[in-house]
Structures are given as structure tokens and as C-alpha cells.
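Text of entry_25.cif (mmCIF, C-alpha atoms (C1' of nucleotides)) as supplied:
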```
data_protein
#
loop_
_atom_site.label_atom_id
_atom_site.label_comp_id
_atom_site.auth_asym_id
_atom_site.auth_seq_id
_atom_site.Cartn_x
_atom_site.Cartn_y
_atom_site.Cartn_z
CA MET A 1 -4.49 -3.34 -1.06
CA PRO A 2 -2.90 -0.86 -3.31
CA GLU A 3 0.76 -0.93 -4.08
CA LEU A 4 2.30 0.89 -7.01
CA PRO A 5 0.71 -1.29 -9.72
CA GLU A 6 -2.80 -0.91 -8.34
CA VAL A 7 -2.38 2.84 -7.94
CA GLU A 8 -0.97 3.17 -11.45
CA VAL A 9 -3.73 1.02 -12.94
CA THR A 10 -6.25 3.17 -11.11
CA ARG A 11 -4.61 6.34 -12.42
CA ARG A 12 -4.67 5.15 -16.02
CA SER A 13 -8.29 4.09 -15.71
CA PHE A 14 -9.59 7.61 -15.15
CA SER A 15 -6.85 10.14 -15.83
CA ASP A 16 -7.86 10.93 -19.40
CA ARG A 17 -11.54 10.87 -18.62
CA ILE A 18 -11.42 13.32 -15.72
CA ALA A 19 -8.90 15.69 -17.32
CA GLY A 20 -10.50 19.03 -18.11
CA GLY A 21 -13.43 18.41 -15.83
CA GLU A 22 -14.64 21.28 -13.68
CA ILE A 23 -15.41 20.52 -10.06
CA GLN A 24 -19.07 21.10 -9.37
CA ALA A 25 -19.36 19.69 -5.88
CA VAL A 26 -17.34 17.87 -3.27
CA TRP A 27 -18.72 15.44 -0.71
CA LEU A 28 -17.03 14.11 2.40
CA GLY A 29 -18.23 11.15 4.45
CA LYS A 30 -16.58 9.74 7.54
CA PRO A 31 -13.12 11.05 8.43
CA LEU A 32 -10.18 9.54 6.59
CA ARG A 33 -6.61 9.40 7.81
CA TRP A 34 -6.10 13.15 7.56
CA PRO A 35 -8.44 16.08 7.13
CA LEU A 36 -8.88 17.47 3.64
CA GLY A 37 -7.17 20.67 4.67
CA CYS A 38 -9.36 23.14 2.81
CA GLY A 39 -12.96 24.16 2.56
CA LEU A 40 -15.08 22.17 0.14
CA SER A 41 -16.29 25.31 -1.57
CA SER A 42 -12.74 26.41 -2.38
CA LEU A 43 -12.46 23.45 -4.74
CA VAL A 44 -15.68 24.13 -6.59
CA GLY A 45 -15.11 25.77 -9.95
CA GLN A 46 -11.54 24.53 -10.30
CA LYS A 47 -10.62 22.25 -13.15
CA VAL A 48 -8.81 18.93 -12.84
CA HIS A 49 -5.96 19.12 -15.33
CA ALA A 50 -4.17 15.82 -14.92
CA VAL A 51 -3.72 12.86 -12.66
CA ARG A 52 -0.16 11.96 -11.77
CA ARG A 53 1.27 9.37 -9.44
CA ARG A 54 4.13 9.63 -6.93
CA GLY A 55 4.79 6.37 -5.12
CA LYS A 56 1.40 5.21 -3.93
CA TYR A 57 -0.09 8.71 -4.03
CA LEU A 58 -2.28 10.03 -6.80
CA LEU A 59 -1.88 13.75 -7.52
CA LEU A 60 -4.80 15.58 -9.08
CA ASP A 61 -3.57 18.85 -10.52
CA LEU A 62 -6.11 21.64 -10.10
CA ASP A 63 -6.15 25.26 -11.23
CA ARG A 64 -4.75 26.26 -7.88
CA GLY A 65 -3.07 23.49 -5.96
CA LEU A 66 -3.52 19.75 -6.03
CA LEU A 67 -5.31 16.93 -4.31
CA LEU A 68 -3.22 14.09 -2.91
CA ILE A 69 -5.13 10.83 -2.77
CA HIS A 70 -3.85 7.76 -0.96
CA LEU A 71 -5.75 4.49 -1.01
CA GLY A 72 -4.35 3.15 2.26
CA MET A 73 -4.91 -0.57 2.73
CA SER A 74 -8.44 -0.95 1.47
CA GLY A 75 -9.19 2.00 -0.75
CA SER A 76 -10.31 2.05 -4.34
CA LEU A 77 -11.62 4.71 -6.69
CA VAL A 78 -14.53 4.62 -9.07
CA PHE A 79 -15.01 7.13 -11.85
CA ALA A 80 -18.22 7.17 -13.87
CA ALA A 81 -20.76 9.48 -15.42
CA GLU A 82 -23.27 8.31 -12.85
CA LEU A 83 -22.41 6.64 -9.58
CA PRO A 84 -24.58 4.02 -7.90
CA PRO A 85 -26.09 4.95 -4.51
CA ARG A 86 -23.52 5.50 -1.76
CA GLY A 87 -22.64 2.62 0.52
CA PRO A 88 -21.42 2.84 4.11
CA HIS A 89 -17.77 2.77 3.04
CA ASP A 90 -17.87 5.55 0.50
CA HIS A 91 -16.15 8.56 2.05
CA PHE A 92 -15.26 11.07 -0.62
CA GLU A 93 -16.69 12.25 -3.91
CA LEU A 94 -15.52 14.77 -6.44
CA LEU A 95 -18.33 15.64 -8.83
CA THR A 96 -16.97 17.09 -12.06
CA SER A 97 -18.38 18.04 -15.40
CA GLN A 98 -16.53 15.05 -16.86
CA GLY A 99 -17.86 12.52 -14.35
CA HIS A 100 -17.94 11.59 -10.70
CA LEU A 101 -14.97 10.29 -8.73
CA ARG A 102 -15.66 8.31 -5.55
CA LEU A 103 -13.33 6.90 -2.91
CA HIS A 104 -14.45 3.61 -1.39
CA ASP A 105 -12.39 2.70 1.67
CA PRO A 106 -13.73 0.35 4.36
CA ARG A 107 -10.77 0.74 6.73
CA ARG A 108 -10.33 4.46 6.14
CA PHE A 109 -6.54 4.34 6.17
CA GLY A 110 -6.70 6.27 2.95
CA ALA A 111 -6.68 10.03 2.61
CA VAL A 112 -7.55 12.94 0.39
CA VAL A 113 -5.47 16.02 1.17
CA PHE A 114 -5.39 19.40 -0.49
CA ALA A 115 -2.02 21.05 -1.02
CA GLU A 116 -1.45 24.52 -2.41
CA SER A 117 1.60 23.23 -4.26
CA GLU A 118 4.07 20.39 -4.18
CA GLN A 119 6.35 22.66 -2.16
CA SER A 120 3.74 23.33 0.50
CA ALA A 121 4.32 22.00 3.99
CA VAL A 122 1.68 19.30 3.77
CA ALA A 123 2.90 18.04 0.40
CA VAL A 124 6.48 17.94 1.58
CA LYS A 125 5.45 16.12 4.73
CA LEU A 126 3.74 13.40 2.71
CA LEU A 127 5.92 13.22 -0.40
CA GLY A 128 9.24 14.56 0.78
CA ARG A 129 10.76 11.36 2.08
CA LEU A 130 9.81 9.25 -0.91
CA GLY A 131 12.53 7.39 -2.76
CA MET A 132 13.10 6.63 -6.43
CA GLU A 133 10.30 5.81 -8.85
CA PRO A 134 10.99 2.22 -9.88
CA LEU A 135 9.46 2.40 -13.35
CA THR A 136 11.43 5.44 -14.47
CA GLU A 137 15.03 6.08 -15.46
CA GLN A 138 15.46 7.66 -12.05
CA PHE A 139 15.64 4.16 -10.59
CA ALA A 140 19.25 3.49 -11.49
CA LEU A 141 21.33 0.65 -10.16
CA ALA A 142 24.13 2.76 -8.72
CA PRO A 143 22.06 4.82 -6.25
CA PHE A 144 19.98 1.77 -5.39
CA SER A 145 23.03 -0.30 -4.58
CA ARG A 146 24.61 2.60 -2.70
CA GLY A 147 21.43 3.09 -0.70
CA LEU A 148 21.34 -0.55 0.28
CA LYS A 149 24.87 -0.30 1.64
CA LEU A 150 23.70 2.33 4.11
CA ARG A 151 20.94 0.22 5.61
CA ARG A 152 21.40 -2.39 8.31
CA SER A 153 17.76 -3.51 8.29
CA ALA A 154 16.47 -6.61 6.56
CA ILE A 155 16.20 -6.10 2.81
CA LYS A 156 12.44 -6.68 2.87
CA GLN A 157 12.03 -3.88 5.41
CA VAL A 158 14.14 -1.54 3.33
CA LEU A 159 12.00 -2.20 0.28
CA LEU A 160 8.83 -1.55 2.27
CA SER A 161 10.14 1.62 3.87
CA GLY A 162 9.80 3.56 0.61
CA ASP A 163 12.67 5.91 1.24
CA LEU A 164 15.00 4.18 -1.22
CA VAL A 165 12.50 3.00 -3.81
CA VAL A 166 8.76 3.70 -3.72
CA GLY A 167 5.69 1.67 -4.50
CA VAL A 168 6.87 -1.74 -3.35
CA GLY A 169 4.47 -3.07 -0.74
CA ASN A 170 4.12 -6.41 0.96
CA ILE A 171 3.09 -8.45 -2.06
CA TYR A 172 5.62 -7.12 -4.53
CA ALA A 173 8.47 -7.07 -2.01
CA CYS A 174 7.94 -10.80 -1.47
CA GLU A 175 7.62 -11.46 -5.19
CA ALA A 176 10.64 -9.40 -6.19
CA LEU A 177 12.84 -11.04 -3.57
CA PHE A 178 11.74 -14.47 -4.73
CA ARG A 179 12.54 -13.66 -8.34
CA ALA A 180 15.93 -12.35 -7.30
CA GLY A 181 16.65 -15.40 -5.15
CA ILE A 182 17.29 -13.23 -2.10
CA ARG A 183 16.25 -14.15 1.42
CA PRO A 184 13.98 -11.41 2.84
CA THR A 185 15.81 -11.38 6.17
CA VAL A 186 19.27 -10.64 4.85
CA ARG A 187 20.65 -7.24 5.87
CA ALA A 188 20.45 -4.82 2.97
CA GLN A 189 24.06 -3.75 3.35
CA ARG A 190 25.24 -7.33 2.87
CA LEU A 191 24.00 -7.56 -0.72
CA SER A 192 26.75 -7.49 -3.32
CA VAL A 193 26.37 -5.14 -6.26
CA ALA A 194 25.65 -8.16 -8.44
CA ARG A 195 22.79 -9.26 -6.21
CA ALA A 196 21.53 -5.70 -5.86
CA ALA A 197 21.46 -5.61 -9.66
CA ARG A 198 19.37 -8.74 -9.75
CA LEU A 199 16.94 -7.28 -7.23
CA HIS A 200 16.83 -3.99 -9.08
CA GLN A 201 15.83 -5.87 -12.23
CA SER A 202 13.29 -8.05 -10.38
CA ILE A 203 11.55 -5.03 -8.89
CA ARG A 204 11.15 -3.48 -12.32
CA GLU A 205 9.93 -6.72 -13.84
CA VAL A 206 7.45 -7.58 -11.11
CA LEU A 207 5.95 -4.11 -10.98
CA SER A 208 5.66 -3.69 -14.73
CA ARG A 209 4.19 -7.13 -15.16
CA ALA A 210 1.65 -6.40 -12.41
CA VAL A 211 0.65 -3.16 -14.12
CA GLU A 212 0.18 -5.12 -17.36
CA GLN A 213 -2.03 -7.55 -15.49
CA GLY A 214 -4.21 -4.79 -14.08
CA GLY A 215 -2.79 -5.13 -10.57
CA THR A 216 -3.50 -7.69 -7.88
CA THR A 217 -7.05 -8.31 -6.70
CA LEU A 218 -6.94 -10.22 -3.43
CA ARG A 219 -10.22 -9.14 -1.97
CA ASP A 220 -11.91 -6.39 -3.89
CA PHE A 221 -9.45 -4.14 -5.69
CA SER A 222 -10.64 -2.82 -9.00
CA SER A 223 -9.64 0.04 -11.25
CA ALA A 224 -11.74 3.18 -11.53
CA MET A 225 -13.38 1.41 -14.48
CA GLY A 226 -14.38 -1.44 -12.20
CA GLU A 227 -11.94 -3.96 -13.66
CA SER A 228 -10.26 -6.52 -11.41
CA GLY A 229 -6.56 -7.31 -11.59
CA HIS A 230 -5.03 -10.65 -12.46
CA PHE A 231 -1.51 -10.58 -11.08
CA GLN A 232 -2.52 -12.68 -8.06
CA LEU A 233 -2.61 -15.63 -10.45
CA GLU A 234 1.09 -15.12 -11.10
CA ALA A 235 2.20 -14.62 -7.52
CA ALA A 236 4.89 -17.19 -6.79
CA VAL A 237 5.07 -16.85 -3.01
CA TYR A 238 2.67 -14.25 -1.59
CA GLY A 239 -0.19 -15.93 0.22
CA ARG A 240 1.12 -19.39 -0.69
CA ALA A 241 2.43 -20.66 2.65
CA GLY A 242 2.76 -24.43 2.60
CA GLN A 243 2.26 -24.73 -1.13
CA PRO A 244 5.11 -26.13 -3.22
CA CYS A 245 7.54 -23.65 -4.72
CA SER A 246 6.95 -23.37 -8.45
CA ILE A 247 10.70 -23.79 -9.06
CA CYS A 248 11.84 -26.47 -6.63
CA GLY A 249 8.77 -27.86 -4.89
CA THR A 250 9.87 -26.88 -1.39
CA PRO A 251 6.87 -25.72 0.68
CA ILE A 252 6.70 -21.91 0.83
CA SER A 253 7.56 -20.50 4.27
CA GLN A 254 5.73 -17.74 6.10
CA ILE A 255 7.44 -15.61 8.74
CA ARG A 256 6.78 -12.27 10.47
CA GLN A 257 8.93 -9.23 9.80
CA GLY A 258 7.90 -6.01 11.51
CA GLN A 259 4.30 -7.14 12.08
CA ARG A 260 3.92 -8.12 8.43
CA SER A 261 3.84 -11.55 6.83
CA THR A 262 6.73 -12.49 4.61
CA PHE A 263 6.54 -15.41 2.19
CA PHE A 264 9.61 -17.02 0.64
CA CYS A 265 11.22 -20.26 -0.50
CA GLN A 266 13.95 -21.46 1.85
CA SER A 267 15.62 -23.33 -0.97
CA CYS A 268 15.47 -20.80 -3.82
CA GLN A 269 16.21 -17.85 -1.52
CA ARG A 270 19.19 -19.11 0.46
CA LYS A 271 20.77 -15.79 1.39
"C1'" DA B 1 20.45 9.12 12.87
"C1'" DT B 2 18.54 4.90 11.97
"C1'" DT B 3 15.39 1.38 13.61
"C1'" DC B 4 11.44 -0.42 15.84
"C1'" DT B 5 6.67 -0.54 17.55
"C1'" DC B 6 2.26 1.20 17.67
"C1'" DA B 7 -1.85 3.16 16.05
"C1'" DC B 8 -5.46 4.09 12.91
"C1'" DC B 9 -10.35 1.04 11.21
"C1'" DT B 10 -13.36 -2.55 9.42
"C1'" DG B 11 -14.26 -7.18 7.72
"C1'" DC B 12 -13.39 -11.84 7.17
"C1'" DG B 13 -12.01 -16.60 7.91
"C1'" DG B 14 -10.66 -20.19 11.07
"C1'" DG B 15 -11.03 -22.57 15.37
"C1'" DC B 16 -13.73 -23.74 19.19
"C1'" DT C 1 -24.87 -21.09 14.54
"C1'" DG C 2 -22.20 -17.81 16.98
"C1'" DC C 3 -18.17 -15.80 19.34
"C1'" DC C 4 -13.36 -14.57 19.76
"C1'" DC C 5 -8.96 -14.06 17.80
"C1'" DG C 6 -5.70 -13.02 14.46
"C1'" DC C 7 -4.79 -11.17 10.23
"C1'" DA C 8 -5.21 -8.08 5.98
"C1'" DG C 9 -2.54 -4.55 0.15
"C1'" DG C 10 0.18 1.36 4.31
"C1'" DT C 11 2.68 4.58 6.75
"C1'" DG C 12 3.25 8.64 10.01
"C1'" DA C 13 4.38 9.45 14.83
"C1'" DG C 14 6.88 8.67 18.61
"C1'" DA C 15 10.02 5.99 21.34
"C1'" DA C 16 14.32 3.57 21.83
#
```
Serialized structure, C-alpha cells:
Amino acid sequence: MPELPEVEVTRRSFSDRIAGGEIQAVWLGKPLRWPLGCGLSSLVGQKVHAVRRRGKYLLLDLDRGLLLIHLGMSGSLVFAAELPPRGPHDHFELLTSQGHLRLHDPRRFGAVVFAESEQSAVAVKLLGRLGMEPLTEQFALAPFSRGLKLRRSAIKQVLLSGDLVVGVGNIYACEALFRAGIRPTVRAQRLSVARAARLHQSIREVLSRAVEQGGTTLRDFSSAMGESGHFQLEAAVYGRAGQPCSICGTPISQIRQGQRSTFFCQSCQRK
DNA sequence: ATTCTCACCTGCGGGC
DNA sequence: TGCCCGCAGGTGAGAA
């Protein structure tokens, strides 16, 4: 589910409300992708100071250390003064004086991990390889273009890998490549600077527009306020195999790249 | 070193 | 109606 826009929309939907809250209790359900990495009681009494985002990770700053939260493929957070009764797919709760945060994650590819600092081994393992943040000044054309030149893989795979630019998942990779008129299978290193510039711009546009729209709700994503996203209504290619391209009418193609579906227009994305 | 495949887990929709 | 298969928003680990 959650790519950068969904994670950012989630962050904004509870960051201010949880800030300053003191942790009163922590509850863990079924195992997630990784163990929490600390005792539950060591978190109790600490305050949550802020919620930041790095790539698709949420970082909850505590008095001592931070919690890294990843939503995996099917995760979502809810934050409210009172939570409804737990369901079978609720696996983590942070009860604070400001309200209760709950992770709902049917597939349990998500994770909540404690790190003593961003320099700690576990934080570096998870965050260390991450590339540029696409919605900040850090995401400049020159390093992006230079990075592409070093990669022989298909451009779609490079976008998904997250080591050049973070936050672009399967939906937004397809959408950004469509907007840039670039075929997903072309080798990254074969893109000219001009075409890299177009892609650079498309990534920024698609991601910021998706954030504006509250993210993409395909199945059940919603913000921590319970609000669904609307970007799926603007998707030009993702999930639209066989439907006419909005630009030229050519039926949208679906192929497999690295065990993932790729959607594109053969006519608008020639190379 | 980069690149590729697999694994993790559950639910859902399509075809038979 | 029910079963089986493939597929789904991510990404670290390990192999090639």
C-alpha cells in the first residue's frame, strides 16, 4: 500500500496530535517483520516529541531514542483518543496521554523498531542505504542524473530500489514514467540528461499531487484520521491494463519486471 | 560491486 | 457454491 505519499499523509494526520504525549503503555500483537528491539516497559514514561518521515519510514522521536515504523504492503495507522476494539490484524499500539496509536497490518510486512539513535546499528541498517528525498531540495537534478548513469538496470527498477531516490513505489514509478514519456524497461544509464530532467520533474509532480490528494486508496488505505485518499482517480496507467491511454487511446500494457507489474503506454512511452 | 530472486503473510478476485 | 491459483502498495537477505 504505502508509498511516500501515503506515509506522508499518515504522518501529517497525527504528528501534531501525538506530539508531547507521554507513553503510558505499549501493546504488541503478532510478530511483525522485525522484533521491536527493546522491552515494552523501557518505552513507558517517555514522551513522543515529533513524527518525521524518511523514505517510507516514520520516525517517532522519543526522550531517549526513536521508533521506526514501516507500513510494509498493507499497513495503516490510526490515532484517536479512543480506539475501537482490536481486530485480528491489529498488531501494535502505543497508548499516550495525547491519544492512542494503532498499527493495522493484515500481511505483517510492516515493522516497529526501536533505535537508540539514528546512528545506532539498527537505524543505519534500515535507513543507511536510502537515497534522496524527492520532495526536498536534496533531490537535485545533477546527482539524480549522475546516479542514473551508474545503473544498468531498467529505469523502473532503479526508481523502486530506493537507493537513488526514496519513496517511489510501484504505483508512482509507473505514473512518473508515464508522465515523463519514458519506457519502464529502458536502462537507466541510457537516459539523456534532458530525459532525466523530465523524469526528475515528473517524480516531484506525481508525489506532491498524490500527497495533496490524500494518497492512493486501492483497497483500504486511510490516514491516521481515517480519511481515504483520492489519487487513484488520477492514475493514468497503474491498474489500467487494456484501458485506453488518456493521451492517445492506445490500450495500456501490463508487463512483469522483477516480479512486479508494470503498466505503461507503448505509444506515449516509446523509449 | 551491482543485479537478481526469494521470502515474509493474508486476503481477494477470477476461472473452473 | 466452493476450491485453487495468481496477484497485491515493500524490501532485506542471500545468491549469482
Inset, instruction - Check what the PyMOL selection byres ((chain A) within 9 of (chain C)) selects in the file above and give those residues as a list in words. - result: Met1, Pro2, Glu3, Leu71, Gly72, Met73, Ser74, Phe109, Gly110, Leu126, Ser161, Gly169, Asn170, Ile171, Thr216 and Leu218 of chain A
Inset, instruction - Between atom CA of A:Tyr57 and atom CA of A:Val168, measure the distance and give it in Å to one decimal. - result: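 Calculated distance between atom CA of A:Tyr57 and atom CA of A:Val168 is 12.6 Å.
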Legend entry - atom CA of A:His70 to atom CA of A:Leu148, straight-line distance in Å: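 These atoms are spaced 26.6 Å apart.
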Under the rule of at most 12 Å, produce a per-residue listing of chain A near chain B: chain, number, name, the closest pair of atoms, and the distance in Å, as a Markdown table, using all atoms listed in the file.
```
| residue | atom | partner | partner_atom | distance |
| --- | --- | --- | --- | --- |
| A:Lys30 | CA | B:DC9 | C1' | 11.3 |
| A:Pro31 | CA | B:DC9 | C1' | 10.8 |
| A:Leu32 | CA | B:DC8 | C1' | 9.6 |
| A:Arg33 | CA | B:DC8 | C1' | 7.5 |
| A:Trp34 | CA | B:DC8 | C1' | 10.5 |
| A:Gly72 | CA | B:DC8 | C1' | 10.7 |
| A:Met73 | CA | B:DC9 | C1' | 10.2 |
| A:Ser74 | CA | B:DT10 | C1' | 9.5 |
| A:Gly75 | CA | B:DT10 | C1' | 11.9 |
| A:Pro88 | CA | B:DT10 | C1' | 11.1 |
| A:His89 | CA | B:DT10 | C1' | 9.4 |
| A:Asp105 | CA | B:DT10 | C1' | 9.4 |
| A:Pro106 | CA | B:DT10 | C1' | 5.8 |
| A:Arg107 | CA | B:DC9 | C1' | 4.5 |
| A:Arg108 | CA | B:DC9 | C1' | 6.1 |
| A:Phe109 | CA | B:DC8 | C1' | 6.8 |
| A:Gly110 | CA | B:DC8 | C1' | 10.3 |
| A:Ala111 | CA | B:DC8 | C1' | 12.0 |
| A:Leu150 | CA | B:DT2 | C1' | 9.7 |
| A:Arg151 | CA | B:DT2 | C1' | 8.3 |
| A:Arg152 | CA | B:DT2 | C1' | 8.6 |
| A:Ser153 | CA | B:DT3 | C1' | 7.6 |
| A:Ala154 | CA | B:DT3 | C1' | 10.7 |
| A:Gln157 | CA | B:DT3 | C1' | 10.3 |
| A:Val158 | CA | B:DT3 | C1' | 10.8 |
| A:Ser161 | CA | B:DT3 | C1' | 11.1 |
| A:Arg219 | CA | B:DC12 | C1' | 10.0 |
| A:Asp220 | CA | B:DG11 | C1' | 11.9 |
| A:Gln257 | CA | B:DC4 | C1' | 11.0 |
| A:Gly258 | CA | B:DC4 | C1' | 7.9 |
| A:Gln259 | CA | B:DT5 | C1' | 8.9 |
```
Legend entry - Counting all atoms listed in the file, the residue of A:Thr262, A:Ala236, A:Cys268, A:Ser222 that sits nearest A:Thr250: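 Of A:Thr262, A:Ala236, A:Cys268, A:Ser222, the one nearest A:Thr250 is A:Cys268, counting all atoms listed in the file.
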Compile the contact shell of stretch 17-19 of chain A as a CSV table (one decimal) with C-alpha atoms, keeping the file's coordinate frame: residues with an atom at most 7 Å away, counting only C-alpha atoms (C1' of nucleotides), same-chain residues fewer than 4 positions apart removed.
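The result, written out as selection.csv:
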```csv
chain,number,residue,atom,x,y,z
A,48,VAL,CA,-8.8,18.9,-12.8
A,49,HIS,CA,-6.0,19.1,-15.3
A,50,ALA,CA,-4.2,15.8,-14.9
A,98,GLN,CA,-16.5,15.0,-16.9
A,99,GLY,CA,-17.9,12.5,-14.4
```
Inset, instruction - Go ahead and compute the interatomic distance for atom CA of A:Arg204 and atom CA of A:Gly128, in Å to one decimal. - result: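 Separation of atom CA of A:Arg204 and atom CA of A:Gly128: 22.4 Å.
Taking all atoms listed in the file into account, A:Cys245 lies nearest to A:Gln266 out of the set A:Ser228, A:Gln266, A:Ser192, A:Ser120.
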Legend entry - Residues near A:Ser253, cut-off 10 Å, all atoms listed in the file, skip fewer than 6 positions along chain, as a list in words: Val237, Tyr238, Gly239, Arg240, Ala241, Gly242, Gln243, Pro244, Cys245, Thr262, Phe263, Phe264, Cys265 and Gln266 of chain A
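Of the residues listed (A:Arg179, A:Arg52, A:Lys271, A:Arg129), A:Arg179 shows the shortest atom-to-atom separation from A:Ile247; distances use all atoms listed in the file.
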Can you rebuild stretch 98-123 of chain A with N, CA and C atoms and give it as a tab-separated table (two decimals), in the frame of the given file?
```
chain	number	residue	atom	x	y	z
A	98	GLN	N	-16.94	16.20	-16.04
A	98	GLN	CA	-16.53	15.05	-16.86
A	98	GLN	C	-16.99	13.72	-16.26
A	99	GLY	N	-17.43	13.75	-15.00
A	99	GLY	CA	-17.86	12.52	-14.35
A	99	GLY	C	-17.59	12.60	-12.86
A	100	HIS	N	-18.01	11.58	-12.16
A	100	HIS	CA	-17.94	11.59	-10.70
A	100	HIS	C	-16.88	10.62	-10.21
A	101	LEU	N	-16.03	11.11	-9.32
A	101	LEU	CA	-14.97	10.29	-8.73
A	101	LEU	C	-15.34	9.98	-7.29
A	102	ARG	N	-15.27	8.70	-6.91
A	102	ARG	CA	-15.66	8.31	-5.55
A	102	ARG	C	-14.58	7.43	-4.94
A	103	LEU	N	-14.26	7.73	-3.67
A	103	LEU	CA	-13.33	6.90	-2.91
A	103	LEU	C	-14.10	5.94	-2.02
A	104	HIS	N	-13.85	4.67	-2.21
A	104	HIS	CA	-14.45	3.61	-1.39
A	104	HIS	C	-13.34	3.06	-0.51
A	105	ASP	N	-13.50	3.10	0.81
A	105	ASP	CA	-12.39	2.70	1.67
A	105	ASP	C	-12.87	2.19	3.03
A	106	PRO	N	-13.17	0.90	3.12
A	106	PRO	CA	-13.73	0.35	4.36
A	106	PRO	C	-12.90	0.66	5.61
A	107	ARG	N	-11.58	0.55	5.52
A	107	ARG	CA	-10.77	0.74	6.73
A	107	ARG	C	-10.41	2.19	6.99
A	108	ARG	N	-10.60	3.02	6.02
A	108	ARG	CA	-10.33	4.46	6.14
A	108	ARG	C	-8.89	4.78	6.54
A	109	PHE	N	-7.95	3.98	6.03
A	109	PHE	CA	-6.54	4.34	6.17
A	109	PHE	C	-6.13	5.26	5.02
A	110	GLY	N	-6.99	5.41	4.09
A	110	GLY	CA	-6.70	6.27	2.95
A	110	GLY	C	-6.86	7.73	3.30
A	111	ALA	N	-6.59	8.60	2.35
A	111	ALA	CA	-6.68	10.03	2.61
A	111	ALA	C	-6.85	10.81	1.32
A	112	VAL	N	-7.49	11.95	1.46
A	112	VAL	CA	-7.55	12.94	0.39
A	112	VAL	C	-7.12	14.25	1.03
A	113	VAL	N	-6.04	14.83	0.55
A	113	VAL	CA	-5.47	16.02	1.17
A	113	VAL	C	-5.22	17.09	0.11
A	114	PHE	N	-5.66	18.28	0.42
A	114	PHE	CA	-5.39	19.40	-0.49
A	114	PHE	C	-4.05	20.03	-0.16
A	115	ALA	N	-3.28	20.33	-1.20
A	115	ALA	CA	-2.02	21.05	-1.02
A	115	ALA	C	-1.98	22.21	-2.00
A	116	GLU	N	-1.50	23.35	-1.53
A	116	GLU	CA	-1.45	24.52	-2.41
A	116	GLU	C	-0.44	24.34	-3.53
A	117	SER	N	0.61	23.56	-3.24
A	117	SER	CA	1.60	23.23	-4.26
A	117	SER	C	2.38	22.04	-3.76
A	118	GLU	N	3.24	21.52	-4.62
A	118	GLU	CA	4.07	20.39	-4.18
A	118	GLU	C	5.15	20.83	-3.21
A	119	GLN	N	5.35	22.15	-3.11
A	119	GLN	CA	6.35	22.66	-2.16
A	119	GLN	C	5.72	23.04	-0.83
A	120	SER	N	4.41	22.95	-0.75
A	120	SER	CA	3.74	23.33	0.50
A	120	SER	C	4.10	22.35	1.61
A	121	ALA	N	3.90	22.80	2.83
A	121	ALA	CA	4.32	22.00	3.99
A	121	ALA	C	3.66	20.63	3.99
A	122	VAL	N	2.38	20.58	3.69
A	122	VAL	CA	1.68	19.30	3.77
A	122	VAL	C	2.16	18.35	2.68
A	123	ALA	N	2.42	18.89	1.49
A	123	ALA	CA	2.90	18.04	0.40
A	123	ALA	C	4.29	17.51	0.70
```
